[in-house]
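Asks: Supplied in structure tokens, the structure appears directly below.
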Amino acid sequence: MAETIFSKILRGEVPCHEVYQDEHVFAFLDIGPLAPGHTLVIPKEPAETLDQLSDEAAAAIGRVLPRLCRAVMKATGCEQYNILQNNGTRAHQAVMHVHFHIIPKPTPEQGLGIRWHPGKLPDEEGQAMRQKILAALE
Ligand code: 5GP
């Protein structure tokens with residue numbers, strides 16, 4: 001995996017506002033917050049996208065993510081928030097090291113804005129896609 005700014009943060013070569021770390025996970029404030037308390041949660045394991053992450057690192061993030069969400073909620077007094085996790089440049093990933101955003105949504109204007117244009121799922125398409133995903137999981 002190519003070197004990223006998050007590798008440097010993990011090694012302590014670039015400063016950050018660290019809020020948590022354990023054997024597998026590191027969390028710190030985003031330098032360009034969409035709202036106060038915007039936090040990034042990253043695995044220490046180097047992986048560009050979520051699909052490349054080991055089960056062990058993924059489990060470690062899953063175990064601590066709700067606790068970090070509660071801490072951000074308590075610290076900001078904000079009860080609503082989004083978890084955002086981008087994979088690939090077209091999907092708005094700028095730093096190619098897996099990361100989860102915890103983004104408080106204190107007002108309609110602050111936090112994450114989402115464009116959501118739902119399509120339709122005809123039964124035949126749903127069945128065909130389900131079969132493909134089941135086969136891929138085998
Ligand atoms: P992405 O678009 O890849 O999901 O988000 C990358 C995030 O990393 C952005 O929200 C950006 O503000 C944050 N970021 C980029 N460089 C730094 C940095 O040097 N320090 C911190 N704390 N956050 C950073």
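The way I read the labels, and the way they are meant: chains A, B, ... in the order of the structure tokens, residue 1 as the first residue of every chain, and ligand 1 as the first ligand shown, with later ones counted on from there.
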Residues within 9 Å of ligand 1 (only C-alpha atoms and all ligand atoms), as a ChimeraX atom specification?
Replies: /A:4-6,8-9,14-18,28-34,38-40,84-89,91-101
Asks: Would you give me, as a PDB file with N, CA and C atoms, in the first residue's frame, the residues in segment 5-118 of chain A that DSSP reads as strand (DSSP E)?
Replies:
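This went into states-v3.pdb:
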```
ATOM      1  N   GLU A  18      -5.461  13.253  18.765  1.00  0.00           N
ATOM      2  CA  GLU A  18      -5.826  11.851  19.021  1.00  0.00           C
ATOM      3  C   GLU A  18      -6.912  11.788  20.087  1.00  0.00           C
ATOM      4  N   VAL A  19      -7.910  10.924  19.859  1.00  0.00           N
ATOM      5  CA  VAL A  19      -8.943  10.750  20.888  1.00  0.00           C
ATOM      6  C   VAL A  19      -9.000   9.317  21.406  1.00  0.00           C
ATOM      7  N   TYR A  20      -8.377   8.384  20.662  1.00  0.00           N
ATOM      8  CA  TYR A  20      -8.434   6.977  21.108  1.00  0.00           C
ATOM      9  C   TYR A  20      -7.372   6.177  20.377  1.00  0.00           C
ATOM     10  N   GLN A  21      -6.797   5.172  21.081  1.00  0.00           N
ATOM     11  CA  GLN A  21      -6.063   4.139  20.351  1.00  0.00           C
ATOM     12  C   GLN A  21      -5.992   2.874  21.168  1.00  0.00           C
ATOM     13  N   VAL A  25      -6.576  -0.052  16.518  1.00  0.00           N
ATOM     14  CA  VAL A  25      -7.393   1.085  16.067  1.00  0.00           C
ATOM     15  C   VAL A  25      -6.808   2.405  16.556  1.00  0.00           C
ATOM     16  N   PHE A  26      -6.968   3.438  15.728  1.00  0.00           N
ATOM     17  CA  PHE A  26      -6.528   4.795  16.090  1.00  0.00           C
ATOM     18  C   PHE A  26      -7.648   5.754  15.683  1.00  0.00           C
ATOM     19  N   ALA A  27      -7.932   6.747  16.515  1.00  0.00           N
ATOM     20  CA  ALA A  27      -8.986   7.719  16.183  1.00  0.00           C
ATOM     21  C   ALA A  27      -8.515   9.120  16.523  1.00  0.00           C
ATOM     22  N   PHE A  28      -8.901  10.080  15.660  1.00  0.00           N
ATOM     23  CA  PHE A  28      -8.434  11.461  15.820  1.00  0.00           C
ATOM     24  C   PHE A  28      -9.413  12.395  15.127  1.00  0.00           C
ATOM     25  N   LEU A  29      -9.329  13.684  15.482  1.00  0.00           N
ATOM     26  CA  LEU A  29     -10.250  14.664  14.891  1.00  0.00           C
ATOM     27  C   LEU A  29      -9.874  14.951  13.443  1.00  0.00           C
ATOM     28  N   THR A  39     -14.855  13.059  13.615  1.00  0.00           N
ATOM     29  CA  THR A  39     -13.756  12.174  14.047  1.00  0.00           C
ATOM     30  C   THR A  39     -13.485  11.113  12.994  1.00  0.00           C
ATOM     31  N   LEU A  40     -12.221  10.755  12.845  1.00  0.00           N
ATOM     32  CA  LEU A  40     -11.826   9.678  11.928  1.00  0.00           C
ATOM     33  C   LEU A  40     -11.345   8.480  12.740  1.00  0.00           C
ATOM     34  N   VAL A  41     -11.801   7.309  12.340  1.00  0.00           N
ATOM     35  CA  VAL A  41     -11.421   6.070  13.023  1.00  0.00           C
ATOM     36  C   VAL A  41     -10.732   5.189  11.988  1.00  0.00           C
ATOM     37  N   ILE A  42      -9.471   4.822  12.246  1.00  0.00           N
ATOM     38  CA  ILE A  42      -8.706   4.076  11.234  1.00  0.00           C
ATOM     39  C   ILE A  42      -8.091   2.816  11.848  1.00  0.00           C
ATOM     40  N   PRO A  43      -7.909   1.794  11.007  1.00  0.00           N
ATOM     41  CA  PRO A  43      -7.154   0.635  11.476  1.00  0.00           C
ATOM     42  C   PRO A  43      -5.663   0.962  11.442  1.00  0.00           C
ATOM     43  N   TYR A  81     -26.059  11.737  14.001  1.00  0.00           N
ATOM     44  CA  TYR A  81     -24.752  11.714  13.331  1.00  0.00           C
ATOM     45  C   TYR A  81     -24.792  10.714  12.185  1.00  0.00           C
ATOM     46  N   ASN A  82     -23.805  10.828  11.307  1.00  0.00           N
ATOM     47  CA  ASN A  82     -23.613   9.858  10.218  1.00  0.00           C
ATOM     48  C   ASN A  82     -22.275   9.162  10.372  1.00  0.00           C
ATOM     49  N   ILE A  83     -22.253   7.892   9.971  1.00  0.00           N
ATOM     50  CA  ILE A  83     -20.994   7.176   9.766  1.00  0.00           C
ATOM     51  C   ILE A  83     -20.781   7.142   8.258  1.00  0.00           C
ATOM     52  N   LEU A  84     -19.626   7.616   7.816  1.00  0.00           N
ATOM     53  CA  LEU A  84     -19.325   7.622   6.382  1.00  0.00           C
ATOM     54  C   LEU A  84     -18.036   6.849   6.157  1.00  0.00           C
ATOM     55  N   PHE A 100     -13.180   5.425   8.832  1.00  0.00           N
ATOM     56  CA  PHE A 100     -14.593   5.678   9.095  1.00  0.00           C
ATOM     57  C   PHE A 100     -14.709   7.097   9.639  1.00  0.00           C
ATOM     58  N   HIS A 101     -15.636   7.872   9.059  1.00  0.00           N
ATOM     59  CA  HIS A 101     -15.934   9.193   9.602  1.00  0.00           C
ATOM     60  C   HIS A 101     -17.092   9.062  10.605  1.00  0.00           C
ATOM     61  N   ILE A 102     -16.960   9.713  11.743  1.00  0.00           N
ATOM     62  CA  ILE A 102     -18.110   9.942  12.632  1.00  0.00           C
ATOM     63  C   ILE A 102     -18.430  11.427  12.493  1.00  0.00           C
ATOM     64  N   ILE A 103     -19.590  11.731  11.913  1.00  0.00           N
ATOM     65  CA  ILE A 103     -19.897  13.131  11.586  1.00  0.00           C
ATOM     66  C   ILE A 103     -21.182  13.567  12.293  1.00  0.00           C
ATOM     67  N   PRO A 104     -21.046  14.364  13.348  1.00  0.00           N
ATOM     68  CA  PRO A 104     -22.247  14.863  14.020  1.00  0.00           C
ATOM     69  C   PRO A 104     -23.118  15.684  13.065  1.00  0.00           C
TER      70      PRO A 104
END
```
Asks: Pick from A:Leu137, A:Ala60, A:Arg70, A:Glu79: nearest to Thr107 of chain A, with only C-alpha atoms counted?
Replies: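 When distances to Thr107 of chain A are compared using only C-alpha atoms, the smallest one comes from A:Glu79.
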Asks: Work out how far apart atom CA of Glu138 of chain A and atom CA of Lys44 of chain A are and give it in Å to one decimal.
Replies: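 So the answer is 28.3 Å.
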Asks: Extract the full set of alpha helix (DSSP H) residues from segment 79-127 of chain A according to DSSP on the backbone, and format it as a ChimeraX atom specification.
Replies: /A:123-127
Asks: Please indicate the distance in Å from atom CA of Lys105 of chain A to atom CA of Gln80 of chain A, rounded to one decimal place.
Replies: 5.3 Å
